[in-house]
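First up is the structure itself, then whatever we jot down about it.
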Amino acid sequence: MVFTQVPVRYKGLCKMFLRWARSNIRETLVMARFIFTRFRPARRLGAQVNFLLSVINLFGATVMVFGTLACLLWQPQVFLAQILFGAELMAAIPGTFYALKYRNSNALWAFAYSVFWLAGLAWISPYALVTAGNNNWLTRALPAGKDNKPTLRNPPLKPTPSSDPN
């Protein structure tokens, strides 16, 4: 069982996403060394497709962010509306699946989150790519307890049979 301290402030959220993005970059670079070799006797196609999608996502997202900024500087009135429409259209896909599965209005948060991601978090992937060599994982300075382990602000709850996903 794993417990995660979920960030509740923007700075903490950015640190978490930046840590994940740097980790993904490093894992992709390591995987590039062996992914197209016979690294296991079983099927390899799924891992190879996953690798290619990671590379496309990594570099494609960075190109898209810079392309978006260039378009916004060129003709902001035209591209801002198109970018917002595209973000909302892409939010409709997971939002629709969530609404169909859970039958509640929480799916509407997908639309707000897409704007938040676009305005406040889109910089993370390009920044992670540029700073992938940074060994500061942004979590090493956590306060330590008496046993030199990170302390939990809120102790974990004991699992109950109703909260067990299995």
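Naming works like this for the structure tokens: A, B, ... for the chains as they're shown, residue 1 at the start of each chain, ligands 1 onward in shown order.
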
Closest-contact table, region 59-149 of chain A side, partner region 29-53 of chain A, 12 Å, counting only C-alpha atoms, as a tab-separated table:
residue	atom	partner	partner_atom	distance
A:Phe59	CA	A:Leu53	CA	10.1
A:Gly60	CA	A:Leu53	CA	9.8
A:Ala61	CA	A:Leu53	CA	11.4
A:Leu129	CA	A:Leu29	CA	11.4
A:Ala132	CA	A:Leu29	CA	10.5
A:Gly133	CA	A:Leu29	CA	11.6

Restricted to C-alpha atoms, what would the selected residues look like written as a JSON list (two decimals), in the first residue's frame?
[["chain", "number", "residue", "atom", "x", "y", "z"],
["A", 59, "PHE", "CA", 9.37, 16.27, -28.20],
["A", 60, "GLY", "CA", 5.94, 16.92, -29.68],
["A", 61, "ALA", "CA", 4.73, 18.65, -26.54],
["A", 129, "LEU", "CA", 13.60, 18.68, -21.28],
["A", 132, "ALA", "CA", 16.77, 16.93, -17.46],
["A", 133, "GLY", "CA", 20.35, 16.75, -16.18]]

Any chance you could tabulate, as a tab-separated table, the residues of region 89-133 of chain A at most 10 Å from region 6-14 of chain A with each one's nearest atom pair and distance in Å to one decimal, using only C-alpha atoms, in chain and rising number order?
residue	atom	partner	partner_atom	distance
A:Gly120	CA	A:Tyr10	CA	8.7
A:Leu121	CA	A:Cys14	CA	7.1
A:Trp123	CA	A:Cys14	CA	9.6
A:Ile124	CA	A:Cys14	CA	7.4

Mind writing the picked residues with N, CA and C atoms as a PDB file, in the first residue's frame?
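Final output, saved to selection.pdb:
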ATOM      1  N   GLY A 120      -1.241  27.327 -16.900  1.00  0.00           N
ATOM      2  CA  GLY A 120      -0.337  27.268 -15.761  1.00  0.00           C
ATOM      3  C   GLY A 120       0.661  26.142 -15.721  1.00  0.00           C
ATOM      4  N   LEU A 121       0.482  25.102 -16.545  1.00  0.00           N
ATOM      5  CA  LEU A 121       1.364  23.945 -16.425  1.00  0.00           C
ATOM      6  C   LEU A 121       2.020  23.506 -17.735  1.00  0.00           C
ATOM      7  N   TRP A 123       4.273  24.747 -19.425  1.00  0.00           N
ATOM      8  CA  TRP A 123       5.701  25.041 -19.462  1.00  0.00           C
ATOM      9  C   TRP A 123       6.549  23.905 -18.904  1.00  0.00           C
ATOM     10  N   ILE A 124       5.952  22.977 -18.191  1.00  0.00           N
ATOM     11  CA  ILE A 124       6.718  21.974 -17.448  1.00  0.00           C
ATOM     12  C   ILE A 124       7.491  21.033 -18.365  1.00  0.00           C
TER      13      ILE A 124
END

Identify, on the basis of only C-alpha atoms, every residue whose closest approach to Thr68 (chain A) does not exceed 12 Å; exclude the query and any residue fewer than 3 positions from it along the same chain; express the result as a PDB file with N, CA and C atoms, in the first residue's frame.
ATOM      1  N   GLY A  60       7.117  16.291 -29.089  1.00  0.00           N
ATOM      2  CA  GLY A  60       5.940  16.919 -29.685  1.00  0.00           C
ATOM      3  C   GLY A  60       5.346  17.978 -28.778  1.00  0.00           C
ATOM      4  N   ALA A  61       5.271  17.675 -27.492  1.00  0.00           N
ATOM      5  CA  ALA A  61       4.726  18.654 -26.539  1.00  0.00           C
ATOM      6  C   ALA A  61       5.588  19.904 -26.489  1.00  0.00           C
ATOM      7  N   THR A  62       6.889  19.719 -26.536  1.00  0.00           N
ATOM      8  CA  THR A  62       7.792  20.869 -26.495  1.00  0.00           C
ATOM      9  C   THR A  62       7.644  21.723 -27.744  1.00  0.00           C
ATOM     10  N   VAL A  63       7.595  21.087 -28.900  1.00  0.00           N
ATOM     11  CA  VAL A  63       7.415  21.831 -30.152  1.00  0.00           C
ATOM     12  C   VAL A  63       6.071  22.551 -30.141  1.00  0.00           C
ATOM     13  N   MET A  64       5.042  21.883 -29.650  1.00  0.00           N
ATOM     14  CA  MET A  64       3.714  22.496 -29.612  1.00  0.00           C
ATOM     15  C   MET A  64       3.678  23.720 -28.703  1.00  0.00           C
ATOM     16  N   VAL A  65       4.346  23.655 -27.562  1.00  0.00           N
ATOM     17  CA  VAL A  65       4.357  24.807 -26.652  1.00  0.00           C
ATOM     18  C   VAL A  65       5.032  25.997 -27.321  1.00  0.00           C
ATOM     19  N   CYS A  71       2.619  31.513 -32.293  1.00  0.00           N
ATOM     20  CA  CYS A  71       1.332  31.887 -32.905  1.00  0.00           C
ATOM     21  C   CYS A  71       0.618  32.949 -32.086  1.00  0.00           C
ATOM     22  N   LEU A  72       0.687  32.834 -30.766  1.00  0.00           N
ATOM     23  CA  LEU A  72       0.047  33.834 -29.912  1.00  0.00           C
ATOM     24  C   LEU A  72       0.703  35.205 -30.055  1.00  0.00           C
ATOM     25  N   LEU A  73       2.011  35.216 -30.229  1.00  0.00           N
ATOM     26  CA  LEU A  73       2.697  36.494 -30.426  1.00  0.00           C
ATOM     27  C   LEU A  73       2.396  37.076 -31.805  1.00  0.00           C
ATOM     28  N   TRP A  74       2.194  36.203 -32.773  1.00  0.00           N
ATOM     29  CA  TRP A  74       1.953  36.638 -34.148  1.00  0.00           C
ATOM     30  C   TRP A  74       0.557  37.234 -34.300  1.00  0.00           C
ATOM     31  N   GLN A  75      -0.476  36.459 -33.929  1.00  0.00           N
ATOM     32  CA  GLN A  75      -1.861  36.927 -34.016  1.00  0.00           C
ATOM     33  C   GLN A  75      -2.642  36.420 -32.799  1.00  0.00           C
ATOM     34  N   PRO A  76      -2.507  37.099 -31.679  1.00  0.00           N
ATOM     35  CA  PRO A  76      -3.116  36.600 -30.441  1.00  0.00           C
ATOM     36  C   PRO A  76      -4.641  36.481 -30.509  1.00  0.00           C
ATOM     37  N   VAL A  78      -6.590  35.690 -32.929  1.00  0.00           N
ATOM     38  CA  VAL A  78      -7.031  34.535 -33.708  1.00  0.00           C
ATOM     39  C   VAL A  78      -6.675  33.242 -32.989  1.00  0.00           C
ATOM     40  N   PHE A  79      -5.432  33.121 -32.558  1.00  0.00           N
ATOM     41  CA  PHE A  79      -4.954  31.855 -32.036  1.00  0.00           C
ATOM     42  C   PHE A  79      -5.410  31.566 -30.608  1.00  0.00           C
ATOM     43  N   LEU A  80      -5.656  32.591 -29.806  1.00  0.00           N
ATOM     44  CA  LEU A  80      -6.120  32.345 -28.442  1.00  0.00           C
ATOM     45  C   LEU A  80      -7.453  31.607 -28.450  1.00  0.00           C
ATOM     46  N   ALA A  81      -8.371  32.049 -29.270  1.00  0.00           N
ATOM     47  CA  ALA A  81      -9.672  31.375 -29.363  1.00  0.00           C
ATOM     48  C   ALA A  81      -9.516  29.947 -29.878  1.00  0.00           C
ATOM     49  N   GLN A  82      -8.647  29.747 -30.866  1.00  0.00           N
ATOM     50  CA  GLN A  82      -8.448  28.410 -31.413  1.00  0.00           C
ATOM     51  C   GLN A  82      -7.780  27.478 -30.407  1.00  0.00           C
ATOM     52  N   ILE A  83      -6.832  27.998 -29.660  1.00  0.00           N
ATOM     53  CA  ILE A  83      -6.138  27.186 -28.662  1.00  0.00           C
ATOM     54  C   ILE A  83      -7.095  26.784 -27.548  1.00  0.00           C
ATOM     55  N   LEU A  84      -7.898  27.733 -27.088  1.00  0.00           N
ATOM     56  CA  LEU A  84      -8.875  27.415 -26.037  1.00  0.00           C
ATOM     57  C   LEU A  84      -9.910  26.405 -26.537  1.00  0.00           C
ATOM     58  N   GLY A  86      -9.438  24.144 -28.864  1.00  0.00           N
ATOM     59  CA  GLY A  86      -8.751  22.849 -28.954  1.00  0.00           C
ATOM     60  C   GLY A  86      -8.583  22.204 -27.597  1.00  0.00           C
ATOM     61  N   LEU A 118      -3.285  24.481 -19.596  1.00  0.00           N
ATOM     62  CA  LEU A 118      -2.809  25.302 -20.702  1.00  0.00           C
ATOM     63  C   LEU A 118      -2.149  26.580 -20.190  1.00  0.00           C
ATOM     64  N   ALA A 119      -2.778  27.247 -19.245  1.00  0.00           N
ATOM     65  CA  ALA A 119      -2.279  28.533 -18.757  1.00  0.00           C
ATOM     66  C   ALA A 119      -1.188  28.397 -17.700  1.00  0.00           C
ATOM     67  N   ALA A 122       1.675  24.127 -18.846  1.00  0.00           N
ATOM     68  CA  ALA A 122       2.212  23.693 -20.143  1.00  0.00           C
ATOM     69  C   ALA A 122       3.717  23.910 -20.247  1.00  0.00           C
ATOM     70  N   TRP A 123       4.273  24.747 -19.425  1.00  0.00           N
ATOM     71  CA  TRP A 123       5.701  25.041 -19.462  1.00  0.00           C
ATOM     72  C   TRP A 123       6.549  23.905 -18.904  1.00  0.00           C
TER      73      TRP A 123
END

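The coordinates place CA of Arg19 (chain A) at 10.0 Å from CA of Asn135 (chain A).
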
Pick out each residue of region 6-112 of chain A that DSSP on the backbone tags as helix (DSSP H, G or I); I need them as an MDAnalysis selection string. chainID A and resid 10:32 45:74 76:102 105:112

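Note that the spacing between CA of Phe66 (chain A) and CA of Trp109 (chain A) amounts to 26.4 Å.
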
One number please: CA of Tyr113 (chain A) to CA of Phe17 (chain A), in Å, one decimal. 14.5 Å
